[in-house]
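Participant: Contents of query.cif (mmCIF, C-alpha atoms):
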```cif
data_entry
#
loop_
_atom_site.label_atom_id
_atom_site.label_comp_id
_atom_site.auth_asym_id
_atom_site.auth_seq_id
_atom_site.Cartn_x
_atom_site.Cartn_y
_atom_site.Cartn_z
CA MET A 274 87.96 133.15 94.14
CA ALA A 275 87.32 129.43 93.73
CA ARG A 276 89.40 127.19 91.50
CA PHE A 277 87.65 126.04 88.32
CA GLU A 278 88.09 122.36 89.18
CA ASP A 279 86.39 122.88 92.56
CA VAL A 280 83.50 124.79 91.01
CA GLN A 281 83.15 122.23 88.21
CA ALA A 282 82.62 119.42 90.72
CA ALA A 283 79.59 121.15 92.28
CA PHE A 284 78.40 123.49 89.53
CA TRP A 285 75.02 121.96 88.69
CA LYS A 286 71.83 122.09 90.74
CA LEU A 287 71.14 118.59 92.04
CA ARG A 288 68.04 116.70 90.91
CA SER A 289 67.05 119.26 88.28
CA SER A 290 66.43 118.31 84.67
CA TYR A 291 65.47 121.82 83.52
CA GLY A 292 67.50 122.77 80.44
CA VAL A 293 69.50 119.53 80.39
CA HIS A 294 70.31 118.06 76.97
CA GLN A 295 71.53 114.60 76.03
CA PRO A 296 75.15 113.90 77.10
CA LEU A 297 77.64 115.89 75.05
CA THR A 298 79.54 114.04 72.33
CA ASP A 299 82.60 115.07 70.32
CA GLU A 300 80.43 115.02 67.19
CA ALA A 301 77.93 117.43 68.80
CA VAL A 302 80.80 119.78 69.69
CA ARG A 303 82.16 119.71 66.11
CA LYS A 304 78.68 120.36 64.72
CA ALA A 305 78.09 123.23 67.17
CA GLU A 306 81.40 124.88 66.35
CA ARG A 307 80.65 124.62 62.61
CA LEU A 308 77.15 126.06 63.05
CA LEU A 309 78.30 128.85 65.37
CA GLY A 310 81.47 129.55 63.39
CA VAL A 311 83.60 129.70 66.55
CA THR A 312 85.89 127.60 68.68
CA LEU A 313 84.22 127.01 72.05
CA PRO A 314 86.38 127.36 75.19
CA ILE A 315 87.78 124.11 76.59
CA SER A 316 86.58 125.10 80.08
CA LEU A 317 82.99 125.43 78.82
CA LEU A 318 83.18 122.05 77.11
CA ASP A 319 84.65 120.48 80.27
CA LEU A 320 81.68 121.77 82.26
CA LEU A 321 79.16 120.60 79.63
CA ARG A 322 80.73 117.15 79.50
CA GLY A 323 79.79 116.74 83.18
CA GLN A 324 76.19 117.78 82.42
CA ASN A 325 75.01 119.24 79.15
CA GLY A 326 73.25 122.36 80.34
CA GLY A 327 70.83 123.05 83.15
CA GLU A 328 70.39 125.03 86.33
CA SER A 329 73.45 126.14 88.24
CA ALA A 330 73.75 125.39 91.95
CA ALA A 331 72.47 128.08 94.32
CA ASP A 332 75.99 129.00 95.38
CA ARG A 333 76.84 129.76 91.71
CA GLY A 334 73.78 131.87 90.86
CA ALA A 335 75.33 135.34 90.63
CA PHE A 336 78.36 137.18 89.33
CA PRO A 337 79.57 140.39 91.04
CA THR A 338 79.84 143.57 88.97
CA ASP A 339 81.80 146.74 89.56
CA ARG A 340 79.00 148.94 88.26
CA PRO A 341 75.20 148.86 88.31
CA THR A 342 73.14 147.05 85.68
CA SER A 343 69.40 147.01 85.14
CA TRP A 344 69.36 143.88 87.32
CA SER A 345 71.21 145.14 90.41
CA THR A 346 73.74 147.65 91.62
CA ASP A 347 76.39 145.01 92.28
CA HIS A 348 75.73 141.69 90.50
CA ILE A 349 74.02 139.88 87.65
CA PRO A 350 72.04 136.61 87.79
CA PHE A 351 73.35 133.30 86.49
CA ASP A 352 70.75 130.66 87.27
CA HIS A 353 71.38 128.38 84.29
CA LEU A 354 73.86 127.51 81.57
CA MET A 355 72.61 126.48 78.16
CA GLY A 356 73.92 123.21 76.79
CA ILE A 357 74.43 121.97 73.24
CA GLY A 358 71.44 120.14 71.83
CA GLU A 359 68.61 120.12 69.36
CA ASP A 360 65.60 119.57 71.62
CA GLU A 361 63.04 122.12 70.40
CA ARG A 362 61.62 122.47 73.93
CA THR A 363 64.96 123.54 75.44
CA VAL A 364 67.04 126.56 74.45
CA SER A 365 70.60 125.69 73.44
CA LEU A 366 73.87 127.37 72.55
CA LEU A 367 72.88 126.43 68.99
CA ASP A 368 70.08 129.02 69.19
CA SER A 369 72.63 131.84 69.53
CA PRO A 370 72.59 133.01 65.88
CA TYR A 371 68.81 133.36 65.90
CA LEU A 372 68.65 134.95 69.37
CA THR A 373 71.48 137.45 68.81
CA ASN A 374 69.72 138.58 65.65
CA GLU A 375 66.29 138.66 67.31
CA TRP A 376 67.52 140.77 70.24
CA GLY A 377 69.91 142.96 68.22
CA LEU A 378 73.06 141.85 70.03
CA PRO A 379 76.56 142.39 68.66
CA GLY A 380 78.47 139.44 67.35
CA PRO A 381 80.09 137.16 67.06
CA ALA A 382 78.65 135.97 70.37
CA VAL A 383 77.47 132.67 71.83
CA LEU A 384 74.73 133.07 74.42
CA LEU A 385 75.29 131.18 77.66
CA SER A 386 72.35 132.28 79.78
CA GLY A 387 69.58 134.84 79.81
CA ASP A 388 65.90 135.48 79.34
CA GLY A 389 65.64 137.70 76.27
CA HIS A 390 65.86 141.03 78.04
CA TYR A 391 69.37 140.28 79.24
CA TRP A 392 72.03 137.79 78.11
CA ILE A 393 75.38 136.54 79.32
CA ALA A 394 77.51 135.59 76.33
CA LEU A 395 80.87 134.46 75.08
CA ASP A 396 82.03 137.60 73.28
CA TYR A 397 84.34 136.95 70.32
CA ARG A 398 84.64 140.55 69.10
CA ALA A 399 88.14 141.14 70.51
CA SER A 400 89.54 137.59 70.30
CA GLY A 401 88.24 136.62 66.88
CA ARG A 402 86.12 133.55 66.21
CA HIS A 403 88.85 131.08 67.15
CA GLY A 404 90.45 132.91 70.07
CA GLU A 405 89.57 132.79 73.77
CA PRO A 406 86.37 134.85 74.12
CA SER A 407 85.59 137.14 77.02
CA VAL A 408 82.26 136.95 78.87
CA THR A 409 79.91 139.93 78.55
CA TRP A 410 76.53 140.98 79.98
CA PHE A 411 74.16 142.37 77.34
CA ASP A 412 70.98 144.19 78.33
CA ALA A 413 68.84 144.20 75.20
CA ASP A 414 66.19 146.53 76.65
CA CYS A 415 68.65 149.23 77.73
CA ASN A 416 71.15 148.63 74.92
CA GLU A 417 73.94 148.27 77.49
CA GLU A 418 76.83 145.89 77.88
CA LEU A 419 79.29 145.14 80.63
CA ALA A 420 82.48 143.10 80.38
CA LEU A 421 82.37 140.48 83.13
CA ALA A 422 85.47 138.30 82.73
CA THR A 423 88.42 137.92 80.37
CA ASP A 424 87.49 134.28 79.71
CA PHE A 425 84.90 131.63 80.61
CA ARG A 426 87.09 129.92 83.18
CA SER A 427 87.54 133.19 85.12
CA PHE A 428 83.81 133.84 84.88
CA VAL A 429 82.97 130.44 86.41
CA GLU A 430 85.58 130.93 89.15
CA GLY A 431 83.95 134.29 90.01
CA LEU A 432 80.40 132.97 90.35
CA THR A 433 78.96 133.21 93.84
CA SER A 434 75.67 132.91 95.72
CA THR A 435 72.87 135.44 95.27
CA SER A 436 72.63 135.47 99.07
CA ASP A 437 75.97 137.33 99.07
CA PHE A 438 74.10 140.40 97.79
CA ASP A 439 71.36 142.62 99.16
CA SER A 440 68.23 141.54 97.28
CA GLU A 441 66.70 144.99 97.90
CA ASP A 442 69.58 146.72 96.13
CA VAL A 443 67.99 147.07 92.67
CA PRO A 444 68.60 150.20 90.53
CA ASP A 445 65.72 152.60 89.90
#
```
Please, can you express the file's structure as structure tokens?
Facilitator:
Amino acid sequence: MARFEDVQAAFWKLRSSYGVHQPLTDEAVRKAERLLGVTLPISLLDLLRGQNGGESAADRGAFPTDRPTSWSTDHIPFDHLMGIGEDERTVSLLDSPYLTNEWGLPGPAVLLSGDGHYWIALDYRASGRHGEPSVTWFDADCNEELALATDFRSFVEGLTSTSDFDSEDVPD
């Protein structure tokens, strides 16, 4: 498993502006935490201070799982991380209250990545709104969830390349 600081240095896909918001400010963080009603993990904020959302590098595009999901028998995708911003053309962590309601997801949760049918989220159910949230996979179509990591830092350290997995190994 990689160290967070090593992953942080090369987390973002180079020369991609997809999903990138304006640079993160302390005021934007305070506003986001008020709107979301949670304390965001320091490790997430450290990553977003380097670049405020966007596509993850190819070698950080998947997270291994110990059981099958609708996506694969042994991993889930992680091709982007939402930032904090108010650009109507780009989805943001600030959209979490609307999206969790729209897709019928449990809360409190802050969505990190996903496409509507599945989401990867900071899950505050066990920790409370101001504790260190775990990271959970939610499949809205199948009404399934899978705990991925005890915290965001561990999740980032566990990210790996999709090429580490058999692309043909998709559940029926």
Participant: Report as a list in words the residues that result from applying the PyMOL selection byres ((chain A and resi 334-350) around 7) to the structure here.
Facilitator: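 Matching residues under the PyMOL selection byres ((chain A and resi 334-350) around 7) are Ser329, Ala330, Ala331, Asp332, Arg333, Phe351, Asp352, Gly431, Leu432, Thr433, Ser434, Thr435, Asp442, Val443 and Pro444 of chain A.
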Participant: Show me, as a list in words, the residues that have an atom within 10 Å of Tyr291 in chain A when counting only C-alpha atoms, minus same-chain residues fewer than 4 positions from it.
Facilitator: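 My list of contacting residues is Lys286, Gly326, Gly327, Glu328, His353 and Thr363 of chain A.
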Participant: Nearest to Arg402 in chain A: which of A:Gly358, A:Ala382, A:Pro296, A:Leu317 is it, counting all atoms listed in the file?
Facilitator: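 Closest to Arg402 in chain A of all the choices is A:Ala382.
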Participant: At a cut-off of 10 Å, using all atoms listed in the file, what residues contact Val302 in chain A? Leave out same-chain residues fewer than 2 positions from it and give the result as a list of chain:residue names.
Facilitator: A:Leu297, A:Thr298, A:Asp299, A:Glu300, A:Lys304, A:Ala305, A:Glu306, A:Arg307, A:Leu308, A:Thr312, A:Leu313, A:Leu318, A:Ile357, A:Gly358
Participant: Export, as a PDB file, in the frame of the given file, the selected residues with C-alpha atoms.
Facilitator:
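Below is the file result-v7.pdb, written as the result:
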```pdb
ATOM      1  CA  LEU A 297      77.640 115.890  75.050  1.00  0.00           C
ATOM      2  CA  THR A 298      79.540 114.040  72.330  1.00  0.00           C
ATOM      3  CA  ASP A 299      82.600 115.070  70.320  1.00  0.00           C
ATOM      4  CA  GLU A 300      80.430 115.020  67.190  1.00  0.00           C
ATOM      5  CA  LYS A 304      78.680 120.360  64.720  1.00  0.00           C
ATOM      6  CA  ALA A 305      78.090 123.230  67.170  1.00  0.00           C
ATOM      7  CA  GLU A 306      81.400 124.880  66.350  1.00  0.00           C
ATOM      8  CA  ARG A 307      80.650 124.620  62.610  1.00  0.00           C
ATOM      9  CA  LEU A 308      77.150 126.060  63.050  1.00  0.00           C
ATOM     10  CA  THR A 312      85.890 127.600  68.680  1.00  0.00           C
ATOM     11  CA  LEU A 313      84.220 127.010  72.050  1.00  0.00           C
ATOM     12  CA  LEU A 318      83.180 122.050  77.110  1.00  0.00           C
ATOM     13  CA  ILE A 357      74.430 121.970  73.240  1.00  0.00           C
ATOM     14  CA  GLY A 358      71.440 120.140  71.830  1.00  0.00           C
TER      15      GLY A 358
END
```
Participant: As an exercise, work out the distance from CA of Gly356 in chain A to CA of Glu418 in chain A in Å and give it to one decimal place.
Facilitator: 22.9 Å
Participant: Rounded to one decimal, what separation in Å do you get between CA of Asp414 in chain A and CA of Tyr391 in chain A?
Facilitator: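 For CA of Asp414 in chain A relative to CA of Tyr391 in chain A, the distance reads 7.5 Å.
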Participant: Which residue is closest to Asp424 in chain A? Choose from A:Ile315, A:Leu287, A:Leu372, A:Val364 and count all atoms listed in the file.
Facilitator: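 Smallest separation from Asp424 in chain A among the options: A:Ile315.
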Participant: Pick from A:Val383, A:Ala399, A:Ala283, A:Val429: nearest to Leu309 in chain A, with only C-alpha atoms counted?
Facilitator: A:Val383
Participant: Determine, counting only C-alpha atoms, which protein, DNA and RNA residues have an atom within 10 Å of an atom of Phe411 in chain A; residues of the same chain fewer than 3 positions away are not included. Present the result as a PDB file with C-alpha atoms, in the frame of the given file.
Facilitator:
```pdb
ATOM      1  CA  THR A 342      73.140 147.050  85.680  1.00  0.00           C
ATOM      2  CA  TRP A 376      67.520 140.770  70.240  1.00  0.00           C
ATOM      3  CA  LEU A 378      73.060 141.850  70.030  1.00  0.00           C
ATOM      4  CA  PRO A 379      76.560 142.390  68.660  1.00  0.00           C
ATOM      5  CA  LEU A 384      74.730 133.070  74.420  1.00  0.00           C
ATOM      6  CA  GLY A 387      69.580 134.840  79.810  1.00  0.00           C
ATOM      7  CA  GLY A 389      65.640 137.700  76.270  1.00  0.00           C
ATOM      8  CA  HIS A 390      65.860 141.030  78.040  1.00  0.00           C
ATOM      9  CA  TYR A 391      69.370 140.280  79.240  1.00  0.00           C
ATOM     10  CA  TRP A 392      72.030 137.790  78.110  1.00  0.00           C
ATOM     11  CA  ILE A 393      75.380 136.540  79.320  1.00  0.00           C
ATOM     12  CA  ALA A 394      77.510 135.590  76.330  1.00  0.00           C
ATOM     13  CA  VAL A 408      82.260 136.950  78.870  1.00  0.00           C
ATOM     14  CA  ASP A 414      66.190 146.530  76.650  1.00  0.00           C
ATOM     15  CA  CYS A 415      68.650 149.230  77.730  1.00  0.00           C
ATOM     16  CA  ASN A 416      71.150 148.630  74.920  1.00  0.00           C
ATOM     17  CA  GLU A 417      73.940 148.270  77.490  1.00  0.00           C
ATOM     18  CA  GLU A 418      76.830 145.890  77.880  1.00  0.00           C
ATOM     19  CA  LEU A 419      79.290 145.140  80.630  1.00  0.00           C
ATOM     20  CA  ALA A 420      82.480 143.100  80.380  1.00  0.00           C
TER      21      ALA A 420
END
```
Participant: Under the rule that only C-alpha atoms are counted, which of A:Phe284, A:Arg303, A:Gly380, A:Arg362 is the nearest residue to Gln324 in chain A?
Facilitator: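 Looking only at the distances to Gln324 in chain A, the closest residue turns out to be A:Phe284.
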Participant: Would you mind reading off the distance between CA of Ser369 in chain A and CA of Leu385 in chain A, one decimal, in Å?
Facilitator: 8.6 Å
Participant: Which residue gives the smallest distance to Glu278 in chain A among A:Ser290, A:Ser436, A:Ser316, A:Gln295, with only C-alpha atoms counted?
Facilitator: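 Of all the options, A:Ser316 lies closest to Glu278 in chain A.
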Participant: Give the answer as one residue: which of A:Tyr371, A:Phe438, A:Phe277, A:Trp410 has the shortest atom-to-atom distance to Ala422 in chain A, using all atoms listed in the file?
Facilitator: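 Among the listed residues, the smallest separation from Ala422 in chain A belongs to A:Trp410.
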Participant: Please complete range 315-339 of chain A with N, CA, C and O atoms and give it back as a CSV table (one decimal), in the frame of the given file.
Facilitator:
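Saved as result.csv:
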```
chain,number,residue,atom,x,y,z
A,315,ILE,N,87.6,125.4,76.0
A,315,ILE,CA,87.8,124.1,76.6
A,315,ILE,C,87.1,124.0,78.0
A,315,ILE,O,86.5,123.0,78.3
A,316,SER,N,87.2,125.1,78.7
A,316,SER,CA,86.6,125.1,80.1
A,316,SER,C,85.1,125.0,80.0
A,316,SER,O,84.5,124.3,80.8
A,317,LEU,N,84.4,125.6,79.0
A,317,LEU,CA,83.0,125.4,78.8
A,317,LEU,C,82.7,124.0,78.5
A,317,LEU,O,81.7,123.4,79.0
A,318,LEU,N,83.4,123.4,77.5
A,318,LEU,CA,83.2,122.0,77.1
A,318,LEU,C,83.4,121.1,78.3
A,318,LEU,O,82.7,120.1,78.4
A,319,ASP,N,84.4,121.3,79.1
A,319,ASP,CA,84.6,120.5,80.3
A,319,ASP,C,83.4,120.5,81.2
A,319,ASP,O,83.0,119.4,81.7
A,320,LEU,N,82.9,121.7,81.4
A,320,LEU,CA,81.7,121.8,82.3
A,320,LEU,C,80.5,121.1,81.6
A,320,LEU,O,79.8,120.3,82.3
A,321,LEU,N,80.3,121.2,80.3
A,321,LEU,CA,79.2,120.6,79.6
A,321,LEU,C,79.3,119.1,79.5
A,321,LEU,O,78.3,118.4,79.3
A,322,ARG,N,80.5,118.6,79.6
A,322,ARG,CA,80.7,117.2,79.5
A,322,ARG,C,80.3,116.5,80.8
A,322,ARG,O,79.9,115.3,80.8
A,323,GLY,N,80.3,117.2,81.9
A,323,GLY,CA,79.8,116.7,83.2
A,323,GLY,C,78.3,116.7,83.2
A,323,GLY,O,77.7,115.8,83.7
A,324,GLN,N,77.6,117.7,82.6
A,324,GLN,CA,76.2,117.8,82.4
A,324,GLN,C,76.0,118.8,81.3
A,324,GLN,O,76.5,119.9,81.4
A,325,ASN,N,75.2,118.4,80.3
A,325,ASN,CA,75.0,119.2,79.2
A,325,ASN,C,73.9,120.3,79.3
A,325,ASN,O,72.8,120.1,78.8
A,326,GLY,N,74.2,121.3,80.1
A,326,GLY,CA,73.2,122.4,80.3
A,326,GLY,C,72.4,122.1,81.6
A,326,GLY,O,72.4,121.0,82.1
A,327,GLY,N,71.7,123.2,82.0
A,327,GLY,CA,70.8,123.0,83.2
A,327,GLY,C,71.0,124.2,84.1
A,327,GLY,O,71.7,125.2,83.9
A,328,GLU,N,70.3,124.0,85.3
A,328,GLU,CA,70.4,125.0,86.3
A,328,GLU,C,71.7,124.9,87.1
A,328,GLU,O,72.2,123.9,87.4
A,329,SER,N,72.2,126.1,87.4
A,329,SER,CA,73.4,126.1,88.2
A,329,SER,C,73.1,126.0,89.7
A,329,SER,O,72.0,126.4,90.1
A,330,ALA,N,74.0,125.5,90.5
A,330,ALA,CA,73.8,125.4,92.0
A,330,ALA,C,73.5,126.8,92.6
A,330,ALA,O,74.0,127.8,92.0
A,331,ALA,N,72.8,126.8,93.7
A,331,ALA,CA,72.5,128.1,94.3
A,331,ALA,C,73.7,128.9,94.7
A,331,ALA,O,73.7,130.1,94.6
A,332,ASP,N,74.8,128.2,95.0
A,332,ASP,CA,76.0,129.0,95.4
A,332,ASP,C,76.8,129.5,94.2
A,332,ASP,O,77.9,130.0,94.3
A,333,ARG,N,76.2,129.3,93.0
A,333,ARG,CA,76.8,129.8,91.7
A,333,ARG,C,75.8,130.6,90.9
A,333,ARG,O,75.9,130.6,89.7
A,334,GLY,N,74.9,131.2,91.5
A,334,GLY,CA,73.8,131.9,90.9
A,334,GLY,C,73.9,133.3,90.6
A,334,GLY,O,73.0,134.0,90.1
A,335,ALA,N,75.1,133.9,90.8
A,335,ALA,CA,75.3,135.3,90.6
A,335,ALA,C,76.8,135.6,90.3
A,335,ALA,O,77.7,134.9,90.7
A,336,PHE,N,77.0,136.7,89.6
A,336,PHE,CA,78.4,137.2,89.3
A,336,PHE,C,78.5,138.7,89.8
A,336,PHE,O,77.6,139.5,89.3
A,337,PRO,N,79.4,139.0,90.6
A,337,PRO,CA,79.6,140.4,91.0
A,337,PRO,C,80.0,141.3,89.9
A,337,PRO,O,80.7,140.9,89.0
A,338,THR,N,79.5,142.5,90.0
A,338,THR,CA,79.8,143.6,89.0
A,338,THR,C,80.4,144.8,89.7
A,338,THR,O,80.1,145.0,90.9
A,339,ASP,N,81.2,145.5,89.0
A,339,ASP,CA,81.8,146.7,89.6
A,339,ASP,C,81.0,148.0,89.2
A,339,ASP,O,81.4,149.1,89.6
```
